[in-house]
Structure formats: C-alpha cells, structure tokens
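Structure file work_16.txt with compact mmCIF, C-alpha atoms:
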```txt
# COMPACT_ATOMS: atom_id res chain seq x y z
CA MET Y 1 1.51 22.47 -2.36
CA ALA Y 2 -1.20 19.82 -2.53
CA LYS Y 3 -0.67 16.71 -0.44
CA VAL Y 4 -0.64 13.34 -2.18
CA PRO Y 5 -3.65 11.34 -0.93
CA ALA Y 6 -2.80 8.51 1.47
CA ALA Y 7 -4.64 6.12 -0.86
CA ALA Y 8 -2.12 6.90 -3.61
CA VAL Y 9 0.83 6.62 -1.21
CA ALA Y 10 -0.31 3.21 0.06
CA ALA Y 11 -1.05 1.82 -3.40
CA SER Y 12 2.27 3.14 -4.69
CA GLY Y 13 4.07 1.46 -1.80
CA LEU Y 14 2.61 -1.93 -2.61
CA ILE Y 15 3.17 -1.61 -6.36
CA GLY Y 16 6.54 0.12 -6.07
CA GLY Y 17 7.81 -2.26 -3.41
CA TYR Y 18 7.07 -5.24 -5.60
CA GLY Y 19 8.49 -3.55 -8.70
CA VAL Y 20 11.73 -2.58 -6.98
CA ALA Y 21 12.17 -6.06 -5.52
CA ARG Y 22 11.49 -7.71 -8.86
CA TRP Y 23 13.62 -5.44 -11.03
CA THR Y 24 16.61 -5.16 -8.72
CA LYS Y 25 16.36 -8.79 -7.53
CA LYS Y 26 16.88 -7.41 -4.01
CA ARG Y 27 13.86 -8.09 -1.83
CA GLN Y 28 15.26 -5.86 0.90
CA LEU Y 29 15.08 -2.81 -1.36
CA GLY Y 30 11.47 -3.60 -2.13
CA GLY Y 31 10.86 -3.88 1.59
CA VAL Y 32 12.34 -0.43 2.15
CA VAL Y 33 9.95 1.05 -0.41
CA LEU Y 34 7.02 -0.86 1.09
CA ALA Y 35 7.87 0.24 4.64
CA ALA Y 36 8.55 3.89 3.76
CA ALA Y 37 5.27 4.25 1.90
CA GLY Y 38 3.40 2.41 4.64
CA ALA Y 39 4.83 4.68 7.33
CA THR Y 40 3.99 7.79 5.30
CA ALA Y 41 0.43 6.59 4.65
CA ALA Y 42 -0.02 5.64 8.33
CA GLN Y 43 1.03 9.12 9.40
CA GLN Y 44 -1.51 10.66 7.04
CA TRP Y 45 -4.22 8.25 8.22
CA GLN Y 46 -3.48 9.24 11.81
CA GLN Y 47 -3.78 12.94 11.01
CA GLN Y 48 -6.90 12.62 8.89
CA ALA Y 49 -8.94 9.90 10.61
CA GLY Y 50 -7.40 9.24 14.04
CA GLY Y 51 -5.53 6.40 15.69
CA LYS Y 52 -8.14 3.66 15.47
CA ALA Y 53 -8.65 4.17 11.74
CA ALA Y 54 -4.89 4.45 11.16
CA GLY Y 55 -4.35 1.18 13.00
CA ALA Y 56 -7.02 -0.61 10.97
CA LEU Y 57 -5.69 0.73 7.67
CA THR Y 58 -2.13 -0.22 8.61
CA VAL Y 59 -3.30 -3.76 9.36
CA ALA Y 60 -5.06 -3.77 5.98
CA TYR Y 61 -1.84 -2.60 4.28
CA VAL Y 62 0.24 -5.37 5.87
CA ALA Y 63 -2.49 -7.94 5.19
CA ALA Y 64 -2.61 -6.85 1.55
CA PHE Y 65 1.13 -7.37 1.24
CA ALA Y 66 0.91 -10.81 2.85
CA GLY Y 67 -2.23 -11.75 0.93
CA SER Y 68 -0.75 -10.85 -2.42
CA HIS Y 69 1.64 -13.80 -2.20
CA PRO Y 70 -0.93 -16.64 -2.19
CA LEU Y 71 -3.15 -14.64 -4.55
CA ALA Y 72 -0.25 -14.40 -7.02
CA LYS Y 73 -0.18 -18.19 -7.29
CA LYS Y 74 -3.76 -18.08 -8.57
CA VAL Y 75 -3.87 -14.98 -10.77
CA GLY Y 76 -0.24 -14.00 -11.38
CA ALA Y 77 2.09 -11.62 -9.61
CA TRP Y 78 1.20 -8.28 -11.17
CA PRO Y 79 -2.58 -8.83 -11.13
CA ALA Y 80 -2.33 -9.79 -7.45
CA VAL Y 81 -0.28 -6.70 -6.59
CA PHE Y 82 -2.60 -4.38 -8.51
CA GLY Y 83 -5.65 -6.01 -6.92
CA VAL Y 84 -4.47 -5.63 -3.34
CA ALA Y 85 -3.15 -2.12 -4.02
CA GLY Y 86 -6.57 -1.15 -5.36
CA ALA Y 87 -8.31 -2.64 -2.34
CA VAL Y 88 -6.07 -0.74 0.09
CA ALA Y 89 -6.47 2.48 -1.89
CA LEU Y 90 -10.25 2.13 -1.81
CA ALA Y 91 -10.25 1.44 1.93
CA SER Y 92 -7.99 4.44 2.50
CA TRP Y 93 -10.22 6.72 0.51
CA VAL Y 94 -13.39 5.54 2.25
CA VAL Y 95 -11.97 5.72 5.79
CA SER Y 96 -9.57 8.64 5.56
CA ASP Y 97 -9.00 10.54 2.33
CA ARG Y 98 -12.55 11.60 1.52
CA ARG Y 99 -12.72 13.30 4.93
CA ALA Y 100 -9.67 15.39 4.08
CA ALA Y 101 -10.99 16.46 0.67
```
Representation of the structure as structure tokens:
Amino acid sequence: MAKVPAAAVAASGLIGGYGVARWTKKRQLGGVVLAAAGATAAQQWQQQAGGKAAGALTVAYVAAFAGSHPLAKKVGAWPAVFGVAGAVALASWVVSDRRAA
C-alpha cells in the first residue's frame, strides 16, 4: 500500500482541523485533528529526512497554524488556511517528500 505523502498529511491537518472546529463549533475537536495530523507528519519527516528536518518542519507546521489567525483578518479564514497549508505542504515536499519518492 502506498504511503500518503507527509505534505498531504500536514496540509490536511491544517485544513481539516479548521474545518472540524468551524463546523462542529468545538475548537477542541479541531485541535485533535490538527495534533493527530501533525504528529503523523512529524513521524514521517523523521523517517524520511531525519531529526533536524523534522524539527524544522514541525516548527513550520505550528507557525502556520498560529500565523493563519492574523492572516485571516486580512484575507479571510479559508484563504488564510489554504495559504498556510500550501506553504507547509511545499516545505514538506522540498525538505522531505521528494527524497522518499
């Protein structure tokens, strides 16, 4: 069975976490989705690119989540979430996923 690229896992965590929080009106559920996807992506980053890269990508993932909030005030919630998810996915692909391909 083919493994889902870490880039897709991370982007899905950011998008899915926001979507779950918004649609259920329970931020904690969105946080669970965000954390589960982040942990899964971090594990893949560790396996594919090593600890230093995994640490940097995890910081980028958390920063993207935090940065989406002020960005949303300027461009709207969904555009902000899609923008940061795309940025994290691109970083993941460049640093980790293309090595595993």
(request) For stretch 54-65 of chain Y, work out the shell of residues within 10 Å, counting all atoms listed in the file and skipping chain neighbours fewer than 2 positions away, then give it as a PyMOL selection string. (result) chain Y and resi 10-11+13-15+17-18+34-35+38-39+41-52+67-69+71+80-81+83-89+91-92+95-96
Give me a file of those residues, with C-alpha atoms, as a compact mmCIF listing (two decimals), in the coordinates of the input.
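File written: selection_10.txt
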```txt
# COMPACT_ATOMS: atom_id res chain seq x y z
CA ALA Y 10 -0.31 3.21 0.06
CA ALA Y 11 -1.05 1.82 -3.40
CA GLY Y 13 4.07 1.46 -1.80
CA LEU Y 14 2.61 -1.93 -2.61
CA ILE Y 15 3.17 -1.61 -6.36
CA GLY Y 17 7.81 -2.26 -3.41
CA TYR Y 18 7.07 -5.24 -5.60
CA LEU Y 34 7.02 -0.86 1.09
CA ALA Y 35 7.87 0.24 4.64
CA GLY Y 38 3.40 2.41 4.64
CA ALA Y 39 4.83 4.68 7.33
CA ALA Y 41 0.43 6.59 4.65
CA ALA Y 42 -0.02 5.64 8.33
CA GLN Y 43 1.03 9.12 9.40
CA GLN Y 44 -1.51 10.66 7.04
CA TRP Y 45 -4.22 8.25 8.22
CA GLN Y 46 -3.48 9.24 11.81
CA GLN Y 47 -3.78 12.94 11.01
CA GLN Y 48 -6.90 12.62 8.89
CA ALA Y 49 -8.94 9.90 10.61
CA GLY Y 50 -7.40 9.24 14.04
CA GLY Y 51 -5.53 6.40 15.69
CA LYS Y 52 -8.14 3.66 15.47
CA GLY Y 67 -2.23 -11.75 0.93
CA SER Y 68 -0.75 -10.85 -2.42
CA HIS Y 69 1.64 -13.80 -2.20
CA LEU Y 71 -3.15 -14.64 -4.55
CA ALA Y 80 -2.33 -9.79 -7.45
CA VAL Y 81 -0.28 -6.70 -6.59
CA GLY Y 83 -5.65 -6.01 -6.92
CA VAL Y 84 -4.47 -5.63 -3.34
CA ALA Y 85 -3.15 -2.12 -4.02
CA GLY Y 86 -6.57 -1.15 -5.36
CA ALA Y 87 -8.31 -2.64 -2.34
CA VAL Y 88 -6.07 -0.74 0.09
CA ALA Y 89 -6.47 2.48 -1.89
CA ALA Y 91 -10.25 1.44 1.93
CA SER Y 92 -7.99 4.44 2.50
CA VAL Y 95 -11.97 5.72 5.79
CA SER Y 96 -9.57 8.64 5.56
```
(message) Between Y:Arg22, Y:Pro70, Y:Trp93, Y:Ala100, which residue has the minimum interatomic distance to Y:Val9, considering only C-alpha atoms?
(response)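 When distances to Y:Val9 are compared using only C-alpha atoms, the smallest one comes from Y:Trp93.
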(request) Calculate how many Å separate atom CA of Y:Ala21 from atom CA of Y:Leu90, rounding to one decimal. (result)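 Separation between atom CA of Y:Ala21 and atom CA of Y:Leu90: 24.2 Å.
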(request) Could you tell me how far atom CA of Y:Gln28 lies from atom CA of Y:Phe82, in Å and to one decimal? (result)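 According to the coordinates, atom CA of Y:Gln28 and atom CA of Y:Phe82 are separated by 20.2 Å.
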(request) Report the distance between atom CA of Y:Val33 and atom CA of Y:Arg98 in Å, rounded to one decimal place. (result)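 Result for atom CA of Y:Val33 versus atom CA of Y:Arg98: 24.9 Å, one decimal.
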Six-sided padding of 5 Å per side, axis-aligned box over stretch 13-24 of chain Y, centre and edges in Å, one decimal, as JSON:
```
{"center_x": 9.6, "center_y": -3.1, "center_z": -6.4, "size_x": 24.0, "size_y": 19.2, "size_z": 19.2}
```
